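*Asks:* Input file: work_25.txt. Contents: compact mmCIF, C-alpha atoms.
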# COMPACT_ATOMS: atom_id res chain seq x y z
CA MET Y 1439 27.88 27.69 -9.81
CA SER Y 1440 25.58 30.57 -10.51
CA MET Y 1441 24.45 32.99 -7.86
CA PHE Y 1442 20.93 31.67 -7.91
CA SER Y 1443 21.89 28.08 -7.27
CA LEU Y 1444 22.80 29.18 -3.76
CA PHE Y 1445 19.14 29.79 -3.05
CA ARG Y 1446 17.71 26.83 -4.87
CA ARG Y 1447 16.97 23.52 -3.19
CA PRO Y 1448 19.21 20.71 -4.47
CA SER Y 1449 17.40 19.08 -7.37
CA SER Y 1450 15.94 15.63 -6.88
CA ALA Y 1451 16.31 14.32 -10.44
CA PRO Y 1452 19.94 13.13 -9.98
CA VAL Y 1453 18.83 11.17 -6.91
CA ALA Y 1454 16.06 9.60 -8.99
CA ARG Y 1455 18.51 8.71 -11.77
CA ASP Y 1456 20.97 7.06 -9.37
CA ARG Y 1457 18.25 5.07 -7.63
CA LEU Y 1458 16.85 3.84 -10.93
CA GLN Y 1459 20.27 2.89 -12.31
CA ILE Y 1460 21.02 0.69 -9.31
CA LEU Y 1461 17.57 -0.88 -9.32
CA LEU Y 1462 17.42 -1.57 -13.06
CA ALA Y 1463 20.96 -2.98 -13.14
CA HIS Y 1464 19.82 -5.57 -10.59
CA GLU Y 1465 16.49 -6.27 -12.24
CA ARG Y 1466 18.02 -6.79 -15.68
CA ALA Y 1467 20.73 -9.03 -14.30
CA SER Y 1468 18.41 -11.19 -12.25
CA CYS Y 1469 15.70 -11.60 -14.89
CA GLY Y 1470 14.20 -15.07 -14.68
CA GLN Y 1471 15.88 -16.01 -11.40
CA SER Y 1472 13.91 -13.86 -9.02
CA ASP Y 1473 13.60 -16.68 -6.54
CA MET Y 1474 17.35 -16.97 -6.08
CA LEU Y 1475 17.04 -15.45 -2.62
CA ALA Y 1476 14.20 -17.76 -1.67
CA ILE Y 1477 16.11 -20.80 -2.88
CA LEU Y 1478 19.29 -19.64 -1.16
CA GLN Y 1479 17.41 -19.16 2.09
CA GLN Y 1480 15.81 -22.61 1.89
CA GLU Y 1481 19.10 -24.33 1.09
CA LEU Y 1482 20.93 -22.53 3.87
CA LEU Y 1483 18.19 -23.44 6.30
CA ALA Y 1484 18.28 -27.07 5.19
CA VAL Y 1485 22.00 -27.17 5.97
CA ILE Y 1486 21.48 -25.53 9.36
CA ALA Y 1487 18.55 -27.83 10.12
CA LYS Y 1488 20.85 -30.84 9.78
CA HIS Y 1489 22.58 -29.75 12.94
CA VAL Y 1490 20.05 -27.74 14.93
CA SER Y 1491 16.31 -27.31 14.80
CA VAL Y 1492 15.34 -23.82 13.70
CA GLU Y 1493 11.92 -22.16 13.70
CA ARG Y 1494 11.16 -20.35 10.46
CA ASP Y 1495 9.92 -17.44 12.54
CA ASN Y 1496 13.43 -17.00 13.90
CA VAL Y 1497 15.00 -16.39 10.52
CA VAL Y 1498 15.41 -12.82 9.32
CA VAL Y 1499 16.62 -12.16 5.79
CA ARG Y 1500 17.77 -8.65 4.92
CA MET Y 1501 19.04 -7.28 1.65
CA ASP Y 1502 20.77 -4.11 0.57
CA ARG Y 1503 21.45 -3.64 -3.12
CA GLY Y 1504 24.35 -1.31 -3.83
CA THR Y 1505 26.15 -0.08 -6.93
CA THR Y 1506 29.13 -2.41 -6.81
CA VAL Y 1507 28.26 -4.79 -4.02
CA SER Y 1508 25.05 -6.09 -2.47
CA THR Y 1509 24.72 -7.66 0.90
CA LEU Y 1510 22.43 -10.46 1.89
CA GLU Y 1511 22.21 -10.88 5.62
CA ILE Y 1512 20.63 -13.95 7.11
CA ASP Y 1513 20.04 -13.93 10.83
CA VAL Y 1514 19.17 -17.28 12.30
CA GLU Y 1515 18.16 -17.36 15.91
CA ILE Y 1516 19.18 -20.66 17.46
CA PRO Y 1517 17.52 -21.46 20.77
CA THR Y 1518 20.68 -22.78 22.45
CA SER Y 1519 22.07 -19.31 23.17
CA ILE Y 1520 24.36 -19.66 20.17
CA THR Y 1521 23.78 -17.12 17.42
CA PHE Y 1522 24.74 -17.94 13.90
CA GLU Y 1523 25.04 -15.10 11.50
CA ALA Y 1524 26.10 -15.37 7.88
CA THR Y 1525 26.76 -12.55 5.50
CA VAL Y 1526 26.99 -13.53 1.86
CA ARG Y 1527 28.46 -11.13 -0.63
CA GLU Y 1528 26.20 -11.46 -3.62
CA GLN Y 1529 28.18 -10.00 -6.47
CA THR Y 1530 31.82 -10.47 -5.57
CA GLY Y 1531 31.20 -14.20 -5.37
CA GLN Y 1532 33.13 -14.19 -2.12
CA PRO Y 1533 31.10 -15.85 0.59
CA ARG Y 1534 32.15 -14.44 3.93
CA PRO Y 1535 30.45 -16.46 6.62
CA LYS Y 1536 30.74 -14.99 10.06
CA PHE Y 1537 30.06 -16.85 13.25
CA LYS Y 1538 29.18 -15.18 16.44
CA ILE Y 1539 28.86 -17.00 19.74
CA VAL Y 1540 26.90 -15.08 22.33
CA MET M 1413 -9.53 -3.24 23.54
CA THR M 1414 -9.53 -5.58 20.60
CA ASN M 1415 -7.75 -4.47 17.49
CA VAL M 1416 -10.21 -3.62 14.73
CA ALA M 1417 -8.14 -3.35 11.60
CA LYS M 1418 -9.46 -1.54 8.60
CA VAL M 1419 -8.64 -2.78 5.11
CA LEU M 1420 -8.57 0.08 2.64
CA VAL M 1421 -8.17 -0.31 -1.11
CA VAL M 1422 -6.77 2.54 -3.19
CA THR M 1423 -8.16 2.03 -6.67
CA SER M 1424 -9.14 3.93 -9.83
CA GLY M 1425 -9.45 1.79 -12.93
CA LYS M 1426 -7.36 4.23 -14.92
CA GLY M 1427 -3.58 4.25 -14.71
CA GLY M 1428 -1.38 7.20 -13.82
CA VAL M 1429 -3.91 9.01 -11.67
CA GLY M 1430 -1.90 8.70 -8.44
CA LYS M 1431 -2.86 5.44 -6.69
CA THR M 1432 0.68 4.57 -5.62
CA THR M 1433 1.48 8.15 -4.56
CA THR M 1434 -1.76 8.15 -2.57
CA SER M 1435 -1.11 4.75 -0.95
CA ALA M 1436 2.37 5.86 0.17
CA ALA M 1437 1.26 9.32 1.31
CA LEU M 1438 -1.78 8.15 3.28
CA GLY M 1439 0.07 5.15 4.69
CA ALA M 1440 2.81 7.42 6.03
CA ALA M 1441 0.30 10.02 7.28
CA LEU M 1442 -1.66 7.38 9.24
CA ALA M 1443 1.53 5.79 10.58
CA GLN M 1444 2.81 9.17 11.77
CA THR M 1445 -0.11 9.27 14.20
CA GLY M 1446 1.21 6.09 15.81
CA LYS M 1447 -1.15 3.68 14.02
CA ARG M 1448 0.35 0.45 12.73
CA VAL M 1449 0.06 0.54 8.95
CA ALA M 1450 0.86 -2.04 6.26
CA VAL M 1451 0.85 -0.91 2.64
CA VAL M 1452 0.46 -3.82 0.21
CA ASP M 1453 1.42 -3.55 -3.46
CA PHE M 1454 -0.92 -5.61 -5.65
CA ASP M 1455 0.64 -4.58 -8.94
CA VAL M 1456 2.24 -7.96 -9.68
CA GLY M 1457 4.76 -7.72 -12.51
CA LEU M 1458 4.91 -3.91 -12.39
CA ARG M 1459 5.61 -3.09 -8.77
CA ASN M 1460 6.47 0.50 -7.93
CA LEU M 1461 5.34 1.14 -4.38
CA ASP M 1462 8.77 -0.01 -3.13
CA LEU M 1463 10.43 2.62 -5.33
CA VAL M 1464 8.03 5.41 -4.30
CA MET M 1465 8.58 4.53 -0.63
CA GLY M 1466 12.36 4.25 -1.02
CA ALA M 1467 12.60 0.57 -0.06
CA GLU M 1468 13.53 -0.86 -3.48
CA ARG M 1469 16.99 -1.92 -2.38
CA ARG M 1470 15.69 -3.94 0.54
CA VAL M 1471 13.11 -6.17 -1.14
CA VAL M 1472 13.83 -9.83 -0.43
CA PHE M 1473 10.47 -11.60 -0.50
CA ASP M 1474 7.17 -10.49 -1.94
CA LEU M 1475 3.42 -11.05 -1.89
CA ILE M 1476 3.58 -14.06 -4.22
CA ASN M 1477 6.31 -15.72 -2.12
CA VAL M 1478 3.96 -15.43 0.87
CA VAL M 1479 0.92 -16.67 -1.10
CA GLN M 1480 2.95 -19.70 -2.19
CA GLY M 1481 4.31 -20.37 1.28
CA ILE M 1482 7.96 -19.81 0.29
CA ALA M 1483 8.29 -17.01 2.84
CA LYS M 1484 6.42 -16.09 5.97
CA LEU M 1485 4.56 -12.80 6.09
CA SER M 1486 6.92 -11.47 8.76
CA GLN M 1487 9.89 -12.13 6.46
CA ALA M 1488 8.34 -10.31 3.50
CA LEU M 1489 7.22 -7.19 5.35
CA ILE M 1490 9.72 -4.34 5.10
CA ARG M 1491 9.80 -1.77 7.85
CA ASP M 1492 10.03 1.86 6.78
CA LYS M 1493 13.30 3.53 7.75
CA ARG M 1494 11.66 6.80 8.78
CA ILE M 1495 8.41 5.77 10.47
CA GLU M 1496 8.64 2.70 12.62
CA THR M 1497 4.94 1.81 12.53
CA LEU M 1498 4.90 1.81 8.71
CA TRP M 1499 5.48 -1.45 6.80
CA LEU M 1500 5.50 -2.39 3.13
CA LEU M 1501 4.58 -5.70 1.50
CA PRO M 1502 6.00 -5.52 -2.02
CA ALA M 1503 4.53 -7.14 -5.12
CA SER M 1504 6.52 -9.59 -7.20
CA GLN M 1505 8.32 -8.01 -10.12
CA THR M 1506 8.83 -11.10 -12.24
CA ARG M 1507 5.80 -13.27 -11.68
CA ASP M 1508 2.49 -13.27 -13.44
CA LYS M 1509 -0.54 -11.80 -11.72
CA ASP M 1510 -2.27 -15.19 -12.11
CA ALA M 1511 0.01 -16.45 -9.32
CA LEU M 1512 -2.24 -14.54 -6.92
CA THR M 1513 -5.08 -16.66 -5.59
CA GLU M 1514 -8.14 -15.50 -3.77
CA VAL M 1515 -7.56 -17.91 -0.89
CA GLY M 1516 -3.90 -16.90 -0.64
CA VAL M 1517 -4.70 -13.18 -0.60
CA GLY M 1518 -7.52 -13.76 1.89
CA ASN M 1519 -5.15 -15.53 4.28
CA ILE M 1520 -2.60 -12.72 4.04
CA ILE M 1521 -5.23 -10.04 4.65
CA ASP M 1522 -6.52 -12.00 7.68
CA GLU M 1523 -3.01 -12.23 9.09
CA LEU M 1524 -2.39 -8.53 8.46
CA ARG M 1525 -5.68 -7.64 10.19
CA GLY M 1526 -4.32 -9.22 13.36
CA LYS M 1527 -1.09 -7.22 13.29
CA PHE M 1528 -2.04 -3.78 11.97
CA ASP M 1529 -4.57 -0.97 12.47
CA TRP M 1530 -4.67 -0.14 8.76
CA VAL M 1531 -4.03 -2.37 5.76
CA ILE M 1532 -3.78 -0.28 2.60
CA CYS M 1533 -4.05 -2.22 -0.66
CA ASP M 1534 -2.50 -0.38 -3.60
CA SER M 1535 -4.45 -1.65 -6.61
CA PRO M 1536 -3.01 -1.97 -10.10
CA ALA M 1537 -4.77 -0.13 -12.93
CA GLY M 1538 -7.39 -2.03 -14.90
CA ILE M 1539 -10.16 -4.34 -13.76
CA GLU M 1540 -8.38 -7.67 -14.00
CA ARG M 1541 -7.25 -10.14 -11.37
CA GLY M 1542 -4.79 -7.88 -9.52
CA ALA M 1543 -7.33 -5.08 -9.24
CA THR M 1544 -10.25 -7.32 -8.24
CA LEU M 1545 -8.15 -9.13 -5.61
CA ALA M 1546 -6.87 -5.82 -4.20
CA MET M 1547 -10.46 -4.75 -3.52
CA ARG M 1548 -11.81 -8.21 -2.67
CA PHE M 1549 -11.45 -8.03 1.14
CA ALA M 1550 -11.72 -4.26 1.57
CA ASP M 1551 -13.81 -2.57 4.24
CA ALA M 1552 -13.31 0.84 2.65
CA ALA M 1553 -12.19 2.16 -0.72
CA ILE M 1554 -10.57 5.32 -1.98
CA VAL M 1555 -11.38 5.91 -5.63
CA VAL M 1556 -8.62 8.13 -6.98
CA THR M 1557 -9.94 10.35 -9.76
CA ASN M 1558 -8.48 13.09 -11.93
CA PRO M 1559 -10.88 15.83 -13.04
CA GLU M 1560 -10.86 14.48 -16.56
CA VAL M 1561 -13.51 12.55 -18.53
CA SER M 1562 -11.77 9.20 -18.99
CA SER M 1563 -10.73 9.03 -15.35
CA VAL M 1564 -14.26 9.80 -14.12
CA ARG M 1565 -15.72 7.16 -16.42
CA ASP M 1566 -13.25 4.52 -15.19
CA SER M 1567 -13.96 5.51 -11.57
CA ASP M 1568 -17.65 4.90 -12.18
CA ARG M 1569 -16.85 1.42 -13.48
CA ILE M 1570 -14.70 0.68 -10.43
CA ILE M 1571 -17.46 1.88 -8.08
CA GLY M 1572 -19.73 -0.65 -9.78
CA LEU M 1573 -17.20 -3.42 -9.06
CA LEU M 1574 -16.84 -2.30 -5.42
CA ASP M 1575 -20.61 -2.69 -5.09
CA SER M 1576 -20.75 -6.14 -6.68
CA LYS M 1577 -17.47 -8.05 -6.61
CA THR M 1578 -16.17 -7.49 -3.08
CA ALA M 1579 -16.61 -9.96 -0.22
CA LYS M 1580 -18.58 -7.32 1.70
CA ALA M 1581 -20.92 -6.63 -1.22
CA GLU M 1582 -21.57 -10.35 -1.71
CA LYS M 1583 -22.64 -10.59 1.93
CA GLY M 1584 -25.10 -7.76 1.37
CA HIS M 1585 -22.98 -5.13 3.10
CA CYS M 1586 -21.53 -2.00 1.58
CA VAL M 1587 -17.88 -1.04 1.16
CA GLU M 1588 -17.38 2.48 2.51
CA LYS M 1589 -16.35 4.53 -0.53
CA HIS M 1590 -14.58 7.87 -0.87
CA ILE M 1591 -13.50 9.96 -3.82
CA LEU M 1592 -10.03 11.49 -3.76
CA ILE M 1593 -9.44 14.04 -6.50
CA THR M 1594 -5.78 14.26 -7.46
CA ARG M 1595 -3.74 16.43 -9.85
CA TYR M 1596 -6.21 19.24 -9.42
CA ASP M 1597 -5.15 22.51 -11.05
CA ALA M 1598 -7.17 25.40 -9.60
CA GLN M 1599 -6.05 27.81 -12.32
CA ARG M 1600 -7.14 25.54 -15.15
CA ALA M 1601 -10.40 24.74 -13.37
CA ALA M 1602 -11.07 28.50 -13.02
CA LEU M 1603 -10.47 28.90 -16.76
CA GLY M 1604 -13.03 26.17 -17.43
CA GLU M 1605 -10.42 23.81 -18.88
CA MET M 1606 -10.98 21.12 -16.29
CA LEU M 1607 -14.04 19.40 -14.85
CA THR M 1608 -14.95 21.10 -11.59
CA ILE M 1609 -15.08 19.29 -8.25
CA GLY M 1610 -18.85 19.74 -8.31
CA ASP M 1611 -19.11 18.06 -11.72
CA VAL M 1612 -17.05 15.04 -10.58
CA LEU M 1613 -18.96 14.59 -7.32
CA GLU M 1614 -22.33 14.99 -8.99
CA ILE M 1615 -21.51 12.31 -11.56
CA LEU M 1616 -19.99 9.82 -9.09
CA SER M 1617 -22.24 10.78 -6.13
CA LEU M 1618 -19.83 9.70 -3.40
CA PRO M 1619 -18.38 11.70 -0.50
CA LEU M 1620 -15.15 13.58 -1.10
CA LEU M 1621 -12.11 12.63 0.99
CA GLY M 1622 -9.88 15.41 -0.27
CA ILE M 1623 -8.47 17.37 -3.17
CA ILE M 1624 -4.78 16.97 -3.93
CA PRO M 1625 -3.46 19.88 -5.98
CA GLU M 1626 -1.12 19.26 -8.92
CA SER M 1627 2.35 20.01 -7.57
CA ARG M 1628 6.05 19.61 -8.31
CA GLU M 1629 6.41 18.25 -4.76
CA VAL M 1630 4.79 14.96 -5.79
CA LEU M 1631 7.47 14.30 -8.42
CA ARG M 1632 10.20 15.41 -6.02
CA ALA M 1633 8.92 12.97 -3.40
CA SER M 1634 8.96 10.02 -5.80
CA ASN M 1635 12.40 11.05 -7.08
CA ILE M 1636 13.88 10.79 -3.61
CA GLY M 1637 11.76 7.79 -2.61
CA SER M 1638 9.81 9.32 0.23
CA PRO M 1639 6.04 9.69 0.71
CA VAL M 1640 5.02 13.31 0.06
CA THR M 1641 3.56 13.49 3.58
CA VAL M 1642 7.09 12.86 4.92
CA SER M 1643 9.40 14.77 2.57
CA GLY M 1644 6.96 17.56 1.80
CA ALA M 1645 4.64 17.62 4.81
CA ALA M 1646 4.33 21.42 4.60
CA SER M 1647 3.77 21.45 0.83
CA ALA M 1648 0.30 21.77 -0.70
CA PRO M 1649 -0.10 18.06 -1.60
CA GLY M 1650 1.51 17.06 1.71
CA ARG M 1651 -1.03 19.06 3.71
CA ALA M 1652 -3.90 17.86 1.49
CA TYR M 1653 -2.94 14.21 2.13
CA LEU M 1654 -2.47 14.80 5.87
CA HIS M 1655 -5.98 16.28 6.02
CA ALA M 1656 -7.39 13.39 3.99
CA ALA M 1657 -5.82 10.95 6.46
CA ARG M 1658 -7.48 12.75 9.37
CA ARG M 1659 -10.84 12.59 7.60
CA LEU M 1660 -10.28 8.84 7.11
CA CYS M 1661 -9.94 8.58 10.88
CA GLY M 1662 -13.31 10.24 11.29
CA GLU M 1663 -12.42 13.90 11.82
CA ALA M 1664 -14.87 16.33 10.22
CA LEU M 1665 -12.42 18.74 8.60
CA PRO M 1666 -13.76 21.16 5.99
CA ILE M 1667 -12.42 20.43 2.50
CA THR M 1668 -9.89 22.99 1.33
CA ILE M 1669 -7.45 23.09 -1.55
CA PRO M 1670 -4.03 23.91 -0.08
CA THR M 1671 -1.69 25.99 -2.23
CA ASP M 1672 2.09 26.08 -2.39
CA ARG M 1673 3.54 29.35 -1.21
CA ALA M 1674 6.03 30.18 -3.96
CA GLY M 1675 9.22 31.86 -2.79
CA LEU M 1676 10.15 35.32 -4.07
CA LEU M 1677 13.04 34.02 -6.16
CA TYR M 1678 10.82 31.35 -7.72
CA LYS M 1679 8.19 33.98 -8.54
CA LEU M 1680 10.83 36.21 -10.15
CA PHE M 1681 12.87 33.60 -12.00
CA GLY M 1682 11.31 30.17 -11.68
CA ARG M 1683 8.54 30.57 -14.22
CA ARG M 1684 10.87 31.65 -17.03
CA ALA M 1685 12.05 28.14 -17.72
CA ALA M 1686 8.52 26.75 -17.91
Starting from the coordinates I provided, produce the structure as structure tokens.

*Replies:*
Amino acid sequence: MSMFSLFRRPSSAPVARDRLQILLAHERASCGQSDMLAILQQELLAVIAKHVSVERDNVVVRMDRGTTVSTLEIDVEIPTSITFEATVREQTGQPRPKFKIV
Amino acid sequence: MTNVAKVLVVTSGKGGVGKTTTSAALGAALAQTGKRVAVVDFDVGLRNLDLVMGAERRVVFDLINVVQGIAKLSQALIRDKRIETLWLLPASQTRDKDALTEVGVGNIIDELRGKFDWVICDSPAGIERGATLAMRFADAAIVVTNPEVSSVRDSDRIIGLLDSKTAKAEKGHCVEKHILITRYDAQRAALGEMLTIGDVLEILSLPLLGIIPESREVLRASNIGSPVTVSGAASAPGRAYLHAARRLCGEALPITIPTDRAGLLYKLFGRRAA
């Protein structure tokens, strides 16, 4: 580390490179199946709808793409004071459903 | 008081002039004042607003999914992590721009009008479907222009489209139009290497919203995925965008060209590498 690097702001290019690498890895891998999430959501909802009636407004889908693992979080609000929450690990292929009764 | 949303298109015709940077910076600047702001990426197939705003890892649904009824608008909107009144509606990365329909876009804009104070439509370059639909339902337009001949010519073409192809124009009304000059280099303009502000305004004859100086802060902001009005609010482009946002809200601020105050070490050593 040189003396001057003490005074310099940390450079932003490495941040840019890391962000791009993660993003492009996902985009290249999922080319042509961009609607996977939409299909997954619809199928999951169809299964849930067999047992309880769910408003589409009460479904929140969140995503976080990471380097080695991505998380897809689907929050379904069920009006009978029972909350169902499923977390699906996208890349490890290990579905880890989680049920939470409030 | 009823909510009167304003739909603003950020357009230019030419690519690479700073539409996406401007959409993110102004969206964040307006949201910082407590206004509810939705920034919509219309660049179907080549989305980048998510990356510039640092939300690329959280995109689940997009504009086309909402147009096609696969997702609801509320599911596709992504809330900014820094400013809680700022939301992003990403474009689709893999679909064709022909998947956008006028009716579909109109419905989305109507729904957004009910939920937000500002709806900022980030137009793609060019004058094809994506660009014409981005401006279609606009109340106001920002024409982003670089002080350079091809950019000014393309801006003139876009102004023509704003006056003829928008829903407002077809009803005999006028879209409120502003020029935003970006990547302005005062030193090169002083040397006569760049069109002056006066030249640009005389040719396009529209009011000036602001002048954004060329700055390393803009690249830094996109590198880290943060609007320049958030990560570099004190920098020259940050201040220029914050002022432009205040003018958009009706404040009569005099137009200035902010400058970056270079540190002593940068003055002594920074230029050597350039």

*Asks:* Find the residues near Ser1627 in chain M: any atom within 12 Å, counting all atoms listed in the file, skip ones fewer than 2 places away on the same chain, and give them as an mmCIF file with C-alpha atoms, in the coordinates of the input.

*Replies:*
data_model
loop_
_atom_site.group_PDB
_atom_site.id
_atom_site.type_symbol
_atom_site.label_atom_id
_atom_site.label_comp_id
_atom_site.auth_asym_id
_atom_site.auth_seq_id
_atom_site.Cartn_x
_atom_site.Cartn_y
_atom_site.Cartn_z
ATOM 1 C CA THR M 1594 -5.780 14.260 -7.460
ATOM 2 C CA ARG M 1595 -3.740 16.430 -9.850
ATOM 3 C CA TYR M 1596 -6.210 19.240 -9.420
ATOM 4 C CA ASP M 1597 -5.150 22.510 -11.050
ATOM 5 C CA ALA M 1598 -7.170 25.400 -9.600
ATOM 6 C CA ILE M 1623 -8.470 17.370 -3.170
ATOM 7 C CA ILE M 1624 -4.780 16.970 -3.930
ATOM 8 C CA PRO M 1625 -3.460 19.880 -5.980
ATOM 9 C CA GLU M 1629 6.410 18.250 -4.760
ATOM 10 C CA VAL M 1630 4.790 14.960 -5.790
ATOM 11 C CA LEU M 1631 7.470 14.300 -8.420
ATOM 12 C CA ARG M 1632 10.200 15.410 -6.020
ATOM 13 C CA ALA M 1633 8.920 12.970 -3.400
ATOM 14 C CA VAL M 1640 5.020 13.310 0.060
ATOM 15 C CA GLY M 1644 6.960 17.560 1.800
ATOM 16 C CA SER M 1647 3.770 21.450 0.830
ATOM 17 C CA ALA M 1648 0.300 21.770 -0.700
ATOM 18 C CA PRO M 1649 -0.100 18.060 -1.600
ATOM 19 C CA GLY M 1650 1.510 17.060 1.710
ATOM 20 C CA ARG M 1651 -1.030 19.060 3.710
ATOM 21 C CA ALA M 1652 -3.900 17.860 1.490
ATOM 22 C CA ILE M 1669 -7.450 23.090 -1.550
ATOM 23 C CA PRO M 1670 -4.030 23.910 -0.080
ATOM 24 C CA THR M 1671 -1.690 25.990 -2.230
ATOM 25 C CA ASP M 1672 2.090 26.080 -2.390
ATOM 26 C CA ARG M 1673 3.540 29.350 -1.210
ATOM 27 C CA ALA M 1674 6.030 30.180 -3.960
#

*Asks:* What is the distance between CA of His1655 in chain M and CA of Gly1430 in chain M, in Å to one decimal?

*Replies:*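 Computed distance, CA of His1655 in chain M to CA of Gly1430 in chain M, equals 16.8 Å.
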
*Asks:* Can you pull out every residue within 9 Å of Ala1451 in chain Y, counting only C-alpha atoms, but drop anything in the same chain fewer than 5 positions away, and send it as a list in words?

*Replies:*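 Returned residues: Asp1456 of chain Y; Arg1632, Asn1635 and Ile1636 of chain M.
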
*Asks:* Emit the selected residues as an mmCIF file, keeping the file's coordinate frame, including C-alpha atoms.

*Replies:*
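New file result-v5.cif:
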data_model
loop_
_atom_site.group_PDB
_atom_site.id
_atom_site.type_symbol
_atom_site.label_atom_id
_atom_site.label_comp_id
_atom_site.auth_asym_id
_atom_site.auth_seq_id
_atom_site.Cartn_x
_atom_site.Cartn_y
_atom_site.Cartn_z
ATOM 1 C CA ASP Y 1456 20.970 7.060 -9.370
ATOM 2 C CA ARG M 1632 10.200 15.410 -6.020
ATOM 3 C CA ASN M 1635 12.400 11.050 -7.080
ATOM 4 C CA ILE M 1636 13.880 10.790 -3.610
#

*Asks:* Nearest residue to Asp1455 in chain M out of M:Ser1435, M:Ser1504, M:Thr1423, M:Asn1558, using all atoms listed in the file?

*Replies:*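 Checking each of M:Ser1435, M:Ser1504, M:Thr1423, M:Asn1558 against Asp1455 in chain M, counting all atoms listed in the file, the winner is M:Ser1504.
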
*Asks:* Mind dumping a table of every chain M residue within 7 Å of chain Y, with the nearest atom pair and its distance in Å to one decimal, using all atoms listed in the file, sorted by chain and rising number, as CSV?

*Replies:*
residue,atom,partner,partner_atom,distance
M:Arg1469,CA,Y:Arg1503,CA,4.8
M:Arg1470,CA,Y:Met1501,CA,4.9
M:Val1471,CA,Y:Met1501,CA,6.6
M:Val1472,CA,Y:Met1501,CA,6.2
M:Ile1482,CA,Y:Ala1476,CA,6.9
M:Gln1487,CA,Y:Val1498,CA,6.3
M:Thr1506,CA,Y:Ser1472,CA,6.6
M:Arg1632,CA,Y:Ser1450,CA,5.8
M:Asn1635,CA,Y:Ala1454,CA,4.4
M:Ile1636,CA,Y:Ala1454,CA,5.9

*Asks:* Using all atoms listed in the file, which protein or nucleic acid residues come within 6 Å of range 1545-1548 of chain M? Drop anything in the same chain fewer than 5 positions from it, and give the result as a list in words.

*Replies:*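 Final neighbour list, sorted by chain and number: Val1421, Cys1533, Ser1535, Thr1578 and Ala1579 of chain M.
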
*Asks:* Next, the residues of the selection above should be written as a PDB file, in the frame of the given file with C-alpha atoms.

*Replies:*
ATOM      1  CA  VAL M1421      -8.170  -0.310  -1.110  1.00  0.00           C
ATOM      2  CA  CYS M1533      -4.050  -2.220  -0.660  1.00  0.00           C
ATOM      3  CA  SER M1535      -4.450  -1.650  -6.610  1.00  0.00           C
ATOM      4  CA  THR M1578     -16.170  -7.490  -3.080  1.00  0.00           C
ATOM      5  CA  ALA M1579     -16.610  -9.960  -0.220  1.00  0.00           C
TER       6      ALA M1579
END

*Asks:* One number please: CA of Leu1573 in chain M to CA of Ile1539 in chain M, in Å, one decimal.

*Replies:*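 Taking CA of Leu1573 in chain M and CA of Ile1539 in chain M, their separation equals 8.5 Å.
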
*Asks:* List the neighbours of Val1490 in chain Y out to 9 Å using only C-alpha atoms; skip same-chain residues closer than 4 positions along the sequence, and give me the result as a list in words.

*Replies:*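 Skipping anything fewer than 4 positions along the chain leaves Ile1486, Ile1516 and Pro1517 of chain Y.
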
*Asks:* Would you save the residues of that selection, restricted to C-alpha atoms, as a JSON list (two decimals), in the frame of the given file?

*Replies:*
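Result file part_38.json:
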[["chain", "number", "residue", "atom", "x", "y", "z"],
["Y", 1486, "ILE", "CA", 21.48, -25.53, 9.36],
["Y", 1516, "ILE", "CA", 19.18, -20.66, 17.46],
["Y", 1517, "PRO", "CA", 17.52, -21.46, 20.77]]

*Asks:* Mind pulling up the distance from CA of Lys1493 in chain M to CA of Leu1512 in chain M?

*Replies:*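 Between these atoms lies a distance of 28.0 Å.
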
*Asks:* Nearest to Glu1626 in chain M among M:Ile1593, M:Ala1511, M:Leu1475, M:Ala1657, with distances taken over all atoms listed in the file: which residue is it?

*Replies:* M:Ile1593

*Asks:* Using all atoms listed in the file, find all polymer residues with an atom at most 9 Å away from the point (4.4, -7.8, -0.5); report them as a list in words.

*Replies:*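 Every residue inside that radius is included here: Val1451, Val1452, Asp1453, Phe1454, Val1471, Phe1473, Asp1474, Leu1475, Ile1476, Asn1477, Val1478, Leu1485, Ala1488, Leu1489, Ile1490, Leu1500, Leu1501, Pro1502, Ala1503 and Ser1504 of chain M.
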
*Asks:* Residues near Ala1436 in chain M, anyone? I mean within 12 Å using all atoms listed in the file, not counting same-chain ones fewer than 6 positions away, as a ChimeraX atom specification.

*Replies:* /M:1422,1430,1442-1443,1449-1453,1460-1467,1492,1495,1498-1501,1531-1534,1630,1633-1634,1637-1643,1650,1653-1654,1657
